[in-house]
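What follows is the content of my_file-v5.pdb, which has PDB, C-alpha atoms:
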ATOM      1  CA  MET A   1      43.776  14.808 -30.297
ATOM      2  CA  LEU A   2      40.176  13.602 -30.042
ATOM      3  CA  ASP A   3      41.038  10.261 -31.673
ATOM      4  CA  GLU A   4      43.870   9.809 -29.167
ATOM      5  CA  TYR A   5      41.455  10.523 -26.280
ATOM      6  CA  ILE A   6      38.983   7.924 -27.603
ATOM      7  CA  SER A   7      41.573   5.251 -28.418
ATOM      8  CA  SER A   8      43.299   5.602 -25.044
ATOM      9  CA  GLY A   9      40.137   4.451 -23.264
ATOM     10  CA  LYS A  10      39.722   7.687 -21.354
ATOM     11  CA  LEU A  11      36.398   8.438 -23.058
ATOM     12  CA  GLU A  12      34.960   5.067 -22.063
ATOM     13  CA  ALA A  13      36.234   5.453 -18.498
ATOM     14  CA  ASN A  14      34.734   8.946 -18.283
ATOM     15  CA  GLN A  15      31.382   7.675 -19.596
ATOM     16  CA  ALA A  16      31.365   4.836 -17.041
ATOM     17  CA  LYS A  17      32.152   7.303 -14.253
ATOM     18  CA  TYR A  18      29.325   9.581 -15.407
ATOM     19  CA  LYS A  19      26.834   6.699 -15.510
ATOM     20  CA  GLN A  20      27.850   5.685 -11.986
ATOM     21  CA  GLU A  21      27.340   9.277 -10.778
ATOM     22  CA  ILE A  22      23.815   9.182 -12.208
ATOM     23  CA  ILE A  23      23.111   5.912 -10.400
ATOM     24  CA  ASP A  24      24.511   7.304  -7.147
ATOM     25  CA  ALA A  25      22.373  10.441  -7.485
ATOM     26  CA  VAL A  26      19.138   8.418  -7.360
ATOM     27  CA  ARG A  27      17.591   9.023  -3.977
ATOM     28  CA  LEU A  28      16.329   5.778  -2.593
ATOM     29  CA  GLY A  29      14.594   5.553   0.762
ATOM     30  CA  LYS A  30      16.519   5.149   3.985
ATOM     31  CA  PRO A  31      17.516   1.542   4.601
ATOM     32  CA  ALA A  32      15.572   0.032   7.496
ATOM     33  CA  MET A  33      17.279  -3.349   7.315
ATOM     34  CA  THR A  34      19.852  -5.206   5.274
ATOM     35  CA  ASN A  35      19.491  -8.818   4.215
ATOM     36  CA  THR A  36      21.249 -10.375   1.239
ATOM     37  CA  THR A  37      18.530 -13.007   0.780
ATOM     38  CA  TYR A  38      15.798 -10.375   0.533
ATOM     39  CA  ASP A  39      17.967  -8.247  -1.771
ATOM     40  CA  ALA A  40      18.332 -11.253  -4.085
ATOM     41  CA  MET A  41      14.550 -11.828  -3.985
ATOM     42  CA  ALA A  42      13.940  -8.208  -5.021
ATOM     43  CA  LYS A  43      16.507  -8.413  -7.831
ATOM     44  CA  THR A  44      14.957 -11.616  -9.154
ATOM     45  CA  GLY A  45      11.456 -10.157  -9.006
ATOM     46  CA  ALA A  46      12.422  -7.048 -10.963
ATOM     47  CA  ALA A  47      14.737  -8.770 -13.465
ATOM     48  CA  GLU A  48      12.276  -8.415 -16.363
ATOM     49  CA  LYS A  49      12.328  -4.618 -15.931
ATOM     50  CA  GLY A  50      16.095  -4.376 -16.440
ATOM     51  CA  LYS A  51      19.319  -4.677 -14.494
ATOM     52  CA  VAL A  52      18.794  -3.922 -10.815
ATOM     53  CA  THR A  53      21.766  -1.829  -9.688
ATOM     54  CA  ARG A  54      20.702  -1.141  -6.109
ATOM     55  CA  VAL A  55      18.141  -2.467  -3.607
ATOM     56  CA  VAL A  56      17.122  -0.717  -0.379
ATOM     57  CA  ILE A  57      14.707  -2.383   2.041
ATOM     58  CA  THR A  58      12.705   0.487   3.535
ATOM     59  CA  SER A  59      10.603  -1.566   5.991
ATOM     60  CA  ALA A  60      11.998  -2.493   9.392
ATOM     61  CA  VAL A  61       9.444  -5.273   9.969
ATOM     62  CA  TRP A  62       7.170  -7.448   7.876
ATOM     63  CA  THR A  63       3.676  -5.993   7.354
ATOM     64  CA  VAL A  64       0.695  -8.327   7.119
ATOM     65  CA  ALA A  65      -1.758  -7.637   4.291
ATOM     66  CA  LYS A  66      -5.316  -8.551   5.221
ATOM     67  CA  THR A  67      -8.645  -8.969   3.490
ATOM     68  CA  GLU A  68     -11.521  -6.603   4.155
ATOM     69  CA  TYR A  69     -12.634  -9.040   6.864
ATOM     70  CA  GLY A  70      -9.268  -9.032   8.616
ATOM     71  CA  PHE A  71      -7.995 -12.407   7.410
ATOM     72  CA  PRO A  72      -4.273 -12.450   6.555
ATOM     73  CA  LEU A  73      -3.305 -12.741   2.879
ATOM     74  CA  HIS A  74       0.484 -12.444   2.906
ATOM     75  CA  LYS A  75       3.262 -10.450   4.522
ATOM     76  CA  TYR A  76       5.558  -8.001   2.790
ATOM     77  CA  LEU A  77       8.533  -5.657   3.025
ATOM     78  CA  ASP A  78       8.698  -2.405   1.057
ATOM     79  CA  VAL A  79      11.740  -1.937  -1.181
ATOM     80  CA  ASP A  80      13.180   0.772  -3.419
ATOM     81  CA  LEU A  81      15.096  -0.300  -6.522
ATOM     82  CA  ALA A  82      17.430   1.467  -8.929
ATOM     83  CA  ILE A  83      16.994  -0.176 -12.353
ATOM     84  CA  THR A  84      18.822   0.267 -15.661
ATOM     85  CA  ASP A  85      16.687  -0.720 -18.657
ATOM     86  CA  ALA A  86      17.831  -2.080 -22.035
ATOM     87  CA  THR A  87      18.104   1.426 -23.522
ATOM     88  CA  GLY A  88      20.463   2.585 -20.755
ATOM     89  CA  LYS A  89      17.918   4.713 -18.895
ATOM     90  CA  TYR A  90      17.879   4.654 -15.122
ATOM     91  CA  TRP A  91      14.660   4.223 -13.150
ATOM     92  CA  LEU A  92      13.606   4.391  -9.530
ATOM     93  CA  ALA A  93      11.075   1.674  -8.749
ATOM     94  CA  TYR A  94       9.092   0.881  -5.641
ATOM     95  CA  GLY A  95       7.997  -2.632  -4.812
ATOM     96  CA  GLN A  96       7.382  -5.271  -2.221
ATOM     97  CA  ILE A  97       8.974  -8.547  -1.243
ATOM     98  CA  ARG A  98       6.097 -10.872  -0.457
ATOM     99  CA  LYS A  99       6.063 -14.079   1.527
ATOM    100  CA  GLN A 100       3.302 -16.386   2.606
ATOM    101  CA  TYR A 101       1.859 -15.511   5.985
ATOM    102  CA  GLU A 102       2.745 -18.289   8.435
ATOM    103  CA  GLY A 103       0.656 -17.130  11.356
ATOM    104  CA  GLY A 104       1.902 -16.045  14.711
ATOM    105  CA  SER A 105      -1.176 -14.500  16.205
ATOM    106  CA  PRO A 106      -4.608 -15.961  16.769
ATOM    107  CA  ILE A 107      -7.443 -15.039  14.461
ATOM    108  CA  ILE A 108     -10.457 -13.999  16.488
ATOM    109  CA  ILE A 109     -13.833 -14.276  14.852
ATOM    110  CA  ASN A 110     -16.766 -12.694  16.627
ATOM    111  CA  CYS A 111     -20.041 -14.409  15.887
ATOM    112  CA  ASP A 112     -23.282 -13.179  17.351
ATOM    113  CA  THR A 113     -25.914 -15.899  17.399
TER     114      THR A 113
END

Write the structure described by the file as structure tokens, please.
Amino acid sequence: MLDEYISSGKLEANQAKYKQEIIDAVRLGKPAMTNTTYDAMAKTGAAEKGKVTRVVITSAVWTVAKTEYGFPLHKYLDVDLAITDATGKYWLAYGQIRKQYEGGSPIIINCDT
């Protein structure tokens, strides 16, 4: 009876369903925006960690990272990722999508002479 269950493919289907339930149970942050280009950027950036099964962008707007003196370095969006590694384990990862800061607001430097 067990051999029949395995050979019929029901075992494999049940295992795939169980793995998908585990993936779906991972609690990622609430999506603030959706963008297929940014999703692809996140998947590419995390590819060395394993297979990215889900990407959620948790930032609604780009945030500008600045130096200690207030000069812009880059801008970024926060993302949550569901990743499956080579051993089949599932991981929740947090990361950022970074882009070069193009400007958009004047930089004011106060100099007292």

Between A:Gly50, A:Gly88, A:Gly103, A:Gly95, which one has atoms that come closest to His74 of chain A, using only C-alpha atoms?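 Closest to His74 of chain A of all the choices is A:Gly103.
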
Find the residues around segment 77-84 of chain A up to 6 Å (all atoms listed in the file counted), leave out those fewer than 2 positions away in its own chain, and share them as an MDAnalysis selection string. chainID A and resid 28 50:59 62 88:97

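The shortest atom-to-atom distance to Lys49 of chain A, with all atoms listed in the file taken into account, belongs to A:Ala86 out of A:Ala32, A:Ile23, A:Leu73, A:Ala86.
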
Students should find that atom CA of Tyr38 of chain A and atom CA of Thr63 of chain A are spaced 14.6 Å

Suppose you want the space between atom CA of Ala13 of chain A and atom CA of Thr87 of chain A; what is it in Å?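 It comes out at 19.2 Å.
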
Restricting the calculation to all atoms listed in the file: of A:Ile22, A:Ser8, A:Lys99, A:Asp85, which residue gets closest to Ala42 of chain A? A:Lys99

Any idea what the distance is between atom CA of Glu4 of chain A and atom CA of Lys17 of chain A?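 Atom-to-atom, atom CA of Glu4 of chain A to atom CA of Lys17 of chain A, that is 19.1 Å.
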